[in-house]
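The block underneath contains the structure these notes are about, expressed in structure tokens.
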Protein chains: 2
Amino acid sequence: MTDIPVSTGADIFITKFSSYIDLSEQEQQIIEEFTRSSMTFDENQDIILESEKSSSAYLLQSGWAIRYKVVPDGGRQIISFLLPGDIFGFQESLFELSDDSVQALTPVTVHRIPAEKIAEICDNYTNLSLALTWARAREHAILTEHIVRLGRRNAYERLGHLLLELLHRLQLVDKAGQSDYFLPLTQEVLADTLGLSIVHVNRTLRKLRNDHMIELDPKTRRLRILDQEALSDVTGYDQSYLGQKEQPASSIQDAIGPK
Amino acid sequence: MTDIPVSTGADIFITKFSSYIDLSEQEQQIIEEFTRSSMTFDENQDIILESEKSSSAYLLQSGWAIRYKVVPDGGRQIISFLLPGDIFGFQESLFELSDDSVQALTPVTVHRIPAEKIAEICDNYTNLSLALTWARAREHAILTEHIVRLGRRNAYERLGHLLLELLHRLQLVDKAGQSDYFLPLTQEVLADTLGLSIVHVNRTLRKLRNDHMIELDPKTRRLRILDQEALSDVTGYDQSYLGQKEQPASSIQDAIGPK
DNA sequence: GCTGCGCATTTACATAGGTTACTCCTGATC
DNA sequence: GATCAGGAGTAACCTATGTAAATGCGCAGC
């Protein structure tokens with residue numbers, strides 16, 4: 001949650017996109033512009049999209065959020081995690097489709113991009129608009145993989161697979177070390193994500209610990225994956241759907257502060 | 001599979017989009033143009049996307065297809081169904097992301113839209129390009145609902161929910177009656193879609209039949225949903241994510257031939 | 001009119017995961 | 001420093017769903 005202040009918040013997005021495409025000076029300027037103003041949300045606060053159906057988009061600067069739906073019997077299914085560097089709301093909100101909600105899991109800061117700006121970008125900035133398309137396709141791939149996770153893997157595989165995905169997504173935006181990161185999720189959140197009960201998440205987490213796959217301190221919420229290759233193997237994880245290089249360089253940043 | 005020949009194949013797409021947006025004469029012409037040539041695929045044949053990474057899109061004119069992924073242990077998870085009127089391949093194929101496959105379940109005919117054409121459309125035709133965005137958002141909503149289905153519903157609810165979704169999606173393109181349609185799916189396909197075993201799909205189908213929720217003749221493959229309201233209730237189904245009006249008019253077409 | 005194959009169906013049995021209920025810990029509040 | 005609430009951890013028990021194996025049926029090929 002506590003970010004090391006970077007020159008401007010734009011870096012995170014530029015870094016992320018640069019894994020796929022290089023933006024021009026001018027395009028980077030545009031992003032900088034957006035990051036000048038921001039909104040913040042508290043833990044557990046709903047991030048409003050409902051009220052304003054005007055189809056703006058949001059850049060997530062820091063913190064974790066979730067997209068989720070509730071089912072009639074009161075259950076909740078978490079659809080996806082929104083992590084720093086993610087962009088959201090730029091397609092769903094346009095239509096009356098998909099009545100899901102977005103909620104902050106930790107304190108969150110976002111930058112708003114008005115609908116007109118998006119249209120302008122699409123019309124005039126090739127690379128940036130391609131980056132948007134890439135982000136959409138990536139989100140699509142992540143949803144697809146979540147479906148496979150839920151449909152065809154057991155609890156152990158689901159958990160391990162998710163923890164690996166989060167590691168690699170966070171690494172892309174320099175929010176994780178080589179093999180560890182801050183995981184601000186309760187077991188209830190994990191359960192609602194993976195279609196399991198809390199009790200079984202607990203059991204499974206214990207098993208992962210006993211198998212020396214992970215270390216997780218419930219106090220500090222620091223997760224360390226002890227053997228990525230072994231865990232990838234047993235969970236059937238293949239990071240290629242995230243569209244990033246293997247093992248992004250761990251950064252000095254990791255040594256100097258919590259992420 | 002055997003479609004009543006319509007003037008040109010374009011109708012189906014125009015009808016579908018018209019549920020959201022009205023296309024200009026010229027835009028309708030463009031669609032007509034695409035539908036002049038087509039490719040066909042046999043049952044069980046893979047519909048190639050892999051080989052040509054050139055990011056063309058495809059309009060599905062007739063037949064059923066699936067997007068799926070295989071997991072290391074040999075299992076298969078079906079991500080989504082592609083039905084007549086659907087457009088696919090216009091975002092996934094651009095990138096190296098998401099190594100899923102598309103396969104025909106029945107004989108299928110598609111129309112190809114070259115990448116350049118898509119770009120041209122986005123630049124010059126407001127409504128048509130909005131229709132594309134809408135189609136993307138709708139697909140996103142359907143994936144989201146599939147995640148909820150897999151994560152938070154039991155076998156009975158999953159099956160009923162899916163059968164309702166298919167009914168309503170088919171109705172939008174006049175391929176279903178008020179409450180029945182041709183369902184070319186084996187129980188294995190249903191199992192691979194819903195994250196269940198074949199045996200349990202069989203059990204659950206029987207239960208739906210015994211409860212007088214559905215009628216399904218394995219010979220003719222005709223499915224009839226006997227009480228949509230009751231079934232929607234027990235399965236927690238709410239069609240709003242499909243973005244179409246309730247109960248599209250049943251058509252005369254339904255009376256004169258198989259769909 | 002056999003033969004074989006794909007698919008639906010059923011039974012018996014095994015197990016992953018759900019449910020309930022309780023304990024323990026820690027940190028916030030009064 | 002007592003009380004309370006949220007979260008982790010555990011145990012006992014229950015059930016939805018998976019697995020294995022066998023049967024029957026209809027259709028295609030010979």
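Identifiers for the structure tokens are assigned positionally: chains receive A, B, ... in sequence, residues are indexed from 1 per chain, and ligands are indexed from 1 in the order shown.
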
Q.
Give me, as a PyMOL selection string, the residues of region 57-162 of chain B that a backbone DSSP run labels strand (DSSP E).
A. chain B and resi 57-62+65-70+76-82+87-88+101-104+108-113

Output the selection as a short mmCIF file (atom, residue, chain, number, x, y, z; two decimals), in the first residue's frame - C-alpha atoms for each residue.
```cif
data_model
loop_
_atom_site.label_atom_id
_atom_site.label_comp_id
_atom_site.auth_asym_id
_atom_site.auth_seq_id
_atom_site.Cartn_x
_atom_site.Cartn_y
_atom_site.Cartn_z
CA ALA B 57 -11.88 -11.33 -37.60
CA TYR B 58 -14.57 -13.84 -38.46
CA LEU B 59 -18.30 -13.55 -38.66
CA LEU B 60 -20.01 -16.78 -37.79
CA GLN B 61 -22.81 -17.30 -40.27
CA SER B 62 -24.11 -20.71 -39.27
CA ALA B 65 -18.24 -23.61 -32.48
CA ILE B 66 -16.32 -23.52 -29.22
CA ARG B 67 -13.29 -21.76 -27.84
CA TYR B 68 -11.36 -24.07 -25.53
CA LYS B 69 -8.09 -24.70 -23.78
CA VAL B 70 -6.49 -27.96 -22.80
CA ARG B 76 -10.33 -29.68 -21.81
CA GLN B 77 -12.10 -26.55 -20.64
CA ILE B 78 -14.55 -24.94 -22.98
CA ILE B 79 -14.35 -21.19 -22.58
CA SER B 80 -17.29 -20.10 -24.67
CA PHE B 81 -19.71 -21.02 -27.38
CA LEU B 82 -19.68 -19.25 -30.71
CA ILE B 87 -17.92 -12.29 -34.30
CA PHE B 88 -14.63 -13.67 -33.07
CA SER B 101 -8.28 -22.97 -29.95
CA VAL B 102 -11.51 -22.73 -31.86
CA GLN B 103 -13.26 -25.82 -33.10
CA ALA B 104 -16.44 -26.43 -35.04
CA VAL B 108 -19.82 -24.13 -39.78
CA THR B 109 -19.61 -21.31 -42.25
CA VAL B 110 -17.77 -18.09 -41.51
CA HIS B 111 -16.93 -14.89 -43.29
CA ARG B 112 -13.48 -13.47 -42.95
CA ILE B 113 -12.81 -9.82 -42.32
#
```

Give me, as a PDB file with N, CA and C atoms, in the first residue's frame, the residues of chain A touching chain D, with the criterion being at most 8 Å (counting only C-alpha atoms (C1' of nucleotides)).
```
ATOM      1  N   THR A 186      -7.582 -11.653   2.425  1.00  0.00           N
ATOM      2  CA  THR A 186      -7.997 -12.584   3.472  1.00  0.00           C
ATOM      3  C   THR A 186      -8.317 -13.918   2.820  1.00  0.00           C
ATOM      4  N   ASN A 202      -8.132 -22.540   3.755  1.00  0.00           N
ATOM      5  CA  ASN A 202      -7.197 -22.673   4.869  1.00  0.00           C
ATOM      6  C   ASN A 202      -6.434 -24.003   4.811  1.00  0.00           C
ATOM      7  N   PRO A 218       0.736 -14.608   8.053  1.00  0.00           N
ATOM      8  CA  PRO A 218      -0.547 -13.906   8.115  1.00  0.00           C
ATOM      9  C   PRO A 218      -0.430 -12.532   8.777  1.00  0.00           C
TER      10      PRO A 218
END
```

Q. Can you list, as a list in words, every protein, DNA or RNA residue that comes within 12 Å of Arg203 (chain B) when you count only C-alpha atoms (C1' of nucleotides), leaving out same-chain residues fewer than 6 positions away?
A.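 Result of the neighbour search: Ala155, Tyr156, Leu159, Gln187, Ala191, Leu196, Ser197, Arg209 and Asn210 of chain B; DA8, DT9 and DT10 of chain C; DA16 and DT17 of chain D.
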
Could I have chain B as a CSV table (one decimal) with C-alpha atoms, in the first residue's frame after it is superimposed on chain A by least squares, pairing all C-alpha atoms in sequence order?
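Generated output (selection_38.csv):
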```csv
chain,number,residue,atom,x,y,z
B,1,MET,CA,0.0,0.1,0.0
B,2,THR,CA,2.7,2.5,0.9
B,3,ASP,CA,4.3,3.3,-2.4
B,4,ILE,CA,7.7,4.7,-2.7
B,5,PRO,CA,6.9,8.0,-4.4
B,6,VAL,CA,8.1,8.0,-7.9
B,7,SER,CA,8.6,11.1,-10.0
B,8,THR,CA,5.1,10.9,-11.3
B,9,GLY,CA,2.6,8.2,-11.2
B,10,ALA,CA,2.8,7.8,-15.0
B,11,ASP,CA,5.9,5.6,-14.8
B,12,ILE,CA,4.0,2.6,-13.8
B,13,PHE,CA,1.8,2.6,-16.8
B,14,ILE,CA,4.6,3.4,-19.2
B,15,THR,CA,6.7,0.6,-17.8
B,16,LYS,CA,3.8,-1.8,-18.1
B,17,PHE,CA,2.9,-0.9,-21.7
B,18,SER,CA,6.6,-0.9,-22.6
B,19,SER,CA,6.5,-4.6,-22.1
B,20,TYR,CA,4.5,-4.7,-25.3
B,21,ILE,CA,4.9,-1.5,-27.1
B,22,ASP,CA,7.0,1.7,-27.1
B,23,LEU,CA,5.2,4.9,-26.7
B,24,SER,CA,6.2,8.2,-28.3
B,25,GLU,CA,7.3,11.2,-26.2
B,26,GLN,CA,4.0,12.8,-26.8
B,27,GLU,CA,2.0,9.7,-25.8
B,28,GLN,CA,3.9,9.5,-22.6
B,29,GLN,CA,3.0,13.1,-22.0
B,30,ILE,CA,-0.6,12.3,-22.3
B,31,ILE,CA,-0.4,9.6,-19.6
B,32,GLU,CA,1.5,12.0,-17.4
B,33,GLU,CA,-1.3,14.4,-17.8
B,34,PHE,CA,-3.9,11.9,-16.6
B,35,THR,CA,-1.8,11.1,-13.5
B,36,ARG,CA,-1.7,14.7,-12.4
B,37,SER,CA,-5.1,14.4,-10.7
B,38,SER,CA,-6.3,11.4,-8.7
B,39,MET,CA,-9.0,10.0,-6.6
B,40,THR,CA,-8.6,7.9,-3.6
B,41,PHE,CA,-10.7,5.2,-2.0
B,42,ASP,CA,-10.6,3.5,1.4
B,43,GLU,CA,-10.3,-0.1,2.1
B,44,ASN,CA,-13.6,-1.9,1.3
B,45,GLN,CA,-15.1,1.2,-0.3
B,46,ASP,CA,-17.0,0.7,-3.5
B,47,ILE,CA,-15.4,2.4,-6.5
B,48,ILE,CA,-18.2,4.0,-8.3
B,49,LEU,CA,-19.0,3.1,-11.9
B,50,GLU,CA,-22.7,2.6,-11.5
B,51,SER,CA,-23.7,6.2,-10.8
B,52,GLU,CA,-21.8,7.6,-13.8
B,53,LYS,CA,-22.6,5.6,-16.8
B,54,SER,CA,-20.5,7.9,-18.9
B,55,SER,CA,-17.9,5.3,-19.8
B,56,SER,CA,-14.8,6.9,-18.4
B,57,ALA,CA,-11.9,4.7,-17.8
B,58,TYR,CA,-9.7,4.5,-14.7
B,59,LEU,CA,-6.0,4.0,-14.3
B,60,LEU,CA,-5.2,2.2,-11.1
B,61,GLN,CA,-2.2,3.9,-9.6
B,62,SER,CA,-1.8,2.0,-6.3
B,63,GLY,CA,-3.6,-0.5,-4.2
B,64,TRP,CA,-5.6,-3.6,-4.9
B,65,ALA,CA,-9.2,-3.8,-6.0
B,66,ILE,CA,-11.6,-6.5,-7.2
B,67,ARG,CA,-14.4,-6.8,-9.7
B,68,TYR,CA,-17.2,-9.1,-8.3
B,69,LYS,CA,-20.8,-10.2,-8.7
B,70,VAL,CA,-23.2,-11.4,-6.0
B,71,VAL,CA,-25.5,-14.3,-6.6
B,72,PRO,CA,-29.0,-14.5,-5.3
B,73,ASP,CA,-28.2,-16.7,-2.4
B,74,GLY,CA,-25.9,-14.1,-1.0
B,75,GLY,CA,-22.6,-15.6,-2.3
B,76,ARG,CA,-20.0,-13.4,-4.0
B,77,GLN,CA,-17.8,-14.4,-6.9
B,78,ILE,CA,-14.7,-12.4,-7.5
B,79,ILE,CA,-14.2,-12.0,-11.2
B,80,SER,CA,-10.8,-10.4,-11.3
B,81,PHE,CA,-8.2,-8.5,-9.4
B,82,LEU,CA,-7.2,-5.0,-10.4
B,83,LEU,CA,-3.6,-4.3,-9.6
B,84,PRO,CA,-1.4,-1.2,-10.0
B,85,GLY,CA,-0.9,-0.4,-13.6
B,86,ASP,CA,-4.3,-1.9,-14.6
B,87,ILE,CA,-6.8,0.1,-16.6
B,88,PHE,CA,-10.5,-0.6,-16.1
B,89,GLY,CA,-14.0,0.6,-16.8
B,90,PHE,CA,-13.2,1.5,-20.4
B,91,GLN,CA,-15.5,-1.0,-22.0
B,92,GLU,CA,-17.9,-2.4,-19.5
B,93,SER,CA,-19.4,0.8,-18.4
B,94,LEU,CA,-20.5,1.8,-21.8
B,95,PHE,CA,-23.4,-0.4,-21.9
B,96,GLU,CA,-26.1,-1.7,-19.6
B,97,LEU,CA,-24.3,-5.1,-19.7
B,98,SER,CA,-22.6,-6.7,-16.8
B,99,ASP,CA,-23.8,-5.4,-13.5
B,100,ASP,CA,-20.7,-6.1,-11.6
B,101,SER,CA,-19.1,-4.0,-8.9
B,102,VAL,CA,-15.6,-2.8,-8.2
B,103,GLN,CA,-14.4,-2.5,-4.6
B,104,ALA,CA,-11.1,-1.5,-3.1
B,105,LEU,CA,-9.4,-4.1,-1.0
B,106,THR,CA,-6.7,-1.7,0.2
B,107,PRO,CA,-6.6,2.0,0.0
B,108,VAL,CA,-6.6,2.8,-3.7
B,109,THR,CA,-5.7,5.7,-5.9
B,110,VAL,CA,-6.9,6.0,-9.4
B,111,HIS,CA,-6.8,8.5,-12.2
B,112,ARG,CA,-9.8,9.1,-14.3
B,113,ILE,CA,-9.8,9.3,-18.0
B,114,PRO,CA,-12.9,11.0,-19.4
B,115,ALA,CA,-14.7,9.3,-22.2
B,116,GLU,CA,-13.9,12.0,-24.7
B,117,LYS,CA,-10.2,11.6,-24.0
B,118,ILE,CA,-10.4,7.9,-24.8
B,119,ALA,CA,-12.1,8.6,-28.1
B,120,GLU,CA,-9.5,11.2,-28.9
B,121,ILE,CA,-6.7,8.8,-28.1
B,122,CYS,CA,-8.2,6.1,-30.3
B,123,ASP,CA,-8.4,8.6,-33.2
B,124,ASN,CA,-5.0,10.2,-33.0
B,125,TYR,CA,-2.5,8.1,-31.2
B,126,THR,CA,-1.7,4.9,-32.8
B,127,ASN,CA,0.6,3.3,-30.3
B,128,LEU,CA,-1.4,4.4,-27.3
B,129,SER,CA,-4.6,3.1,-28.8
B,130,LEU,CA,-2.8,-0.1,-29.6
B,131,ALA,CA,-1.7,-0.3,-26.0
B,132,LEU,CA,-5.4,0.0,-25.0
B,133,THR,CA,-6.3,-2.9,-27.3
B,134,TRP,CA,-3.5,-4.9,-25.9
B,135,ALA,CA,-4.7,-4.2,-22.3
B,136,ARG,CA,-8.1,-5.4,-23.3
B,137,ALA,CA,-6.8,-8.6,-24.9
B,138,ARG,CA,-4.7,-9.3,-21.9
B,139,GLU,CA,-7.7,-8.9,-19.6
B,140,HIS,CA,-9.6,-11.2,-21.9
B,141,ALA,CA,-6.8,-13.8,-21.6
B,142,ILE,CA,-6.7,-13.5,-17.8
B,143,LEU,CA,-10.5,-14.1,-17.6
B,144,THR,CA,-10.1,-17.1,-19.9
B,145,GLU,CA,-7.4,-18.5,-17.7
B,146,HIS,CA,-9.6,-17.9,-14.6
B,147,ILE,CA,-12.3,-20.0,-16.3
B,148,VAL,CA,-9.9,-22.8,-16.9
B,149,ARG,CA,-8.8,-22.5,-13.3
B,150,LEU,CA,-12.3,-22.8,-12.0
B,151,GLY,CA,-13.5,-25.4,-14.4
B,152,ARG,CA,-10.6,-27.9,-14.6
B,153,ARG,CA,-8.4,-27.6,-11.5
B,154,ASN,CA,-8.7,-28.7,-7.9
B,155,ALA,CA,-8.3,-26.5,-4.9
B,156,TYR,CA,-4.5,-27.0,-4.6
B,157,GLU,CA,-3.9,-26.2,-8.3
B,158,ARG,CA,-6.3,-23.2,-8.2
B,159,LEU,CA,-4.6,-21.6,-5.3
B,160,GLY,CA,-1.0,-22.2,-6.5
B,161,HIS,CA,-2.0,-21.1,-10.0
B,162,LEU,CA,-3.5,-17.8,-8.8
B,163,LEU,CA,-0.6,-17.0,-6.5
B,164,LEU,CA,1.8,-17.4,-9.5
B,165,GLU,CA,-0.4,-15.2,-11.7
B,166,LEU,CA,-0.4,-12.5,-9.1
B,167,LEU,CA,3.4,-12.7,-8.6
B,168,HIS,CA,4.0,-12.2,-12.3
B,169,ARG,CA,1.5,-9.5,-12.8
B,170,LEU,CA,3.0,-7.6,-9.9
B,171,GLN,CA,6.5,-8.1,-11.2
B,172,LEU,CA,5.5,-6.3,-14.4
B,173,VAL,CA,4.9,-3.2,-12.5
B,174,ASP,CA,7.7,-3.6,-10.0
B,175,LYS,CA,5.5,-4.4,-7.1
B,176,ALA,CA,7.0,-7.8,-6.4
B,177,GLY,CA,10.4,-9.2,-5.7
B,178,GLN,CA,11.8,-12.2,-7.5
B,179,SER,CA,9.6,-14.6,-5.6
B,180,ASP,CA,7.7,-12.6,-3.0
B,181,TYR,CA,5.1,-10.0,-2.7
B,182,PHE,CA,2.6,-8.3,-0.4
B,183,LEU,CA,-0.6,-10.2,-0.6
B,184,PRO,CA,-3.4,-8.2,1.0
B,185,LEU,CA,-6.0,-10.9,0.7
B,186,THR,CA,-8.0,-12.6,3.5
B,187,GLN,CA,-8.8,-16.2,3.1
B,188,GLU,CA,-12.3,-15.2,2.5
B,189,VAL,CA,-11.3,-13.2,-0.6
B,190,LEU,CA,-9.3,-16.1,-1.9
B,191,ALA,CA,-12.3,-18.4,-1.3
B,192,ASP,CA,-14.6,-16.1,-3.2
B,193,THR,CA,-12.2,-15.9,-6.0
B,194,LEU,CA,-11.5,-19.6,-6.4
B,195,GLY,CA,-15.0,-20.9,-5.8
B,196,LEU,CA,-14.0,-22.6,-2.6
B,197,SER,CA,-15.0,-22.4,1.1
B,198,ILE,CA,-12.9,-20.5,3.6
B,199,VAL,CA,-12.1,-23.6,5.5
B,200,HIS,CA,-10.9,-25.4,2.4
B,201,VAL,CA,-8.7,-22.4,1.4
B,202,ASN,CA,-7.2,-22.7,4.9
B,203,ARG,CA,-6.5,-26.4,4.5
B,204,THR,CA,-5.1,-25.9,1.1
B,205,LEU,CA,-2.9,-23.1,2.1
B,206,ARG,CA,-1.5,-25.2,4.9
B,207,LYS,CA,-0.8,-28.0,2.4
B,208,LEU,CA,1.1,-25.6,0.2
B,209,ARG,CA,3.1,-24.6,3.2
B,210,ASN,CA,3.8,-28.1,4.3
B,211,ASP,CA,4.9,-29.0,0.8
B,212,HIS,CA,7.4,-26.1,1.0
B,213,MET,CA,5.8,-24.5,-2.0
B,214,ILE,CA,5.1,-21.2,-0.3
B,215,GLU,CA,5.7,-19.2,2.9
B,216,LEU,CA,3.0,-16.9,4.0
B,217,ASP,CA,3.0,-14.9,7.2
B,218,PRO,CA,-0.5,-13.9,8.1
B,219,LYS,CA,0.8,-11.0,10.1
B,220,THR,CA,2.9,-9.3,7.6
B,221,ARG,CA,0.9,-10.7,4.6
B,222,ARG,CA,4.2,-11.3,2.8
B,223,LEU,CA,4.0,-14.2,0.5
B,224,ARG,CA,7.0,-16.0,-0.8
B,225,ILE,CA,6.9,-18.7,-3.5
B,226,LEU,CA,9.7,-21.1,-2.7
B,227,ASP,CA,9.9,-23.0,-5.9
B,228,GLN,CA,8.2,-21.4,-8.8
B,229,GLU,CA,9.1,-24.2,-11.2
B,230,ALA,CA,7.8,-26.9,-9.0
B,231,LEU,CA,4.6,-25.0,-8.3
B,232,SER,CA,4.1,-24.1,-12.0
B,233,ASP,CA,4.4,-27.8,-12.7
B,234,VAL,CA,1.9,-29.1,-10.2
B,235,THR,CA,-0.6,-26.4,-10.9
B,236,GLY,CA,-0.3,-26.5,-14.7
B,237,TYR,CA,0.7,-22.8,-14.8
B,238,ASP,CA,2.1,-21.3,-17.9
B,239,GLN,CA,2.6,-17.6,-17.7
B,240,SER,CA,2.5,-17.0,-21.5
B,241,TYR,CA,-1.1,-15.7,-21.3
B,242,LEU,CA,0.1,-12.7,-19.4
B,243,GLY,CA,2.2,-11.6,-22.4
B,244,GLN,CA,5.3,-10.7,-20.6
B,245,LYS,CA,8.9,-11.8,-20.6
B,246,GLU,CA,9.9,-14.5,-18.1
B,247,GLN,CA,11.4,-13.2,-14.9
B,248,PRO,CA,11.4,-9.4,-15.2
B,249,ALA,CA,14.5,-8.1,-13.6
B,250,SER,CA,14.1,-7.8,-9.9
B,251,SER,CA,14.7,-4.3,-8.9
B,252,ILE,CA,16.7,-2.4,-6.3
B,253,GLN,CA,13.4,-1.0,-5.4
B,254,ASP,CA,12.6,-4.3,-3.9
B,255,ALA,CA,15.3,-4.0,-1.4
B,256,ILE,CA,14.5,-0.6,-0.1
B,257,GLY,CA,10.9,-0.9,0.9
B,258,PRO,CA,7.6,-2.7,1.1
B,259,LYS,CA,5.6,-3.0,-2.0
```

(Q) Could you check the closest approach to chain A for each of C:DA28, C:DC7, C:DA21, C:DA16 and tell me which residue wins, using only C-alpha atoms (C1' of nucleotides)? (A) C:DA16

**Q.** DSSP-assigned helix (DSSP H, G or I) among region 218-249 of chain A, expressed as number ranges by chain
**A.** A: 228-235, 239-242
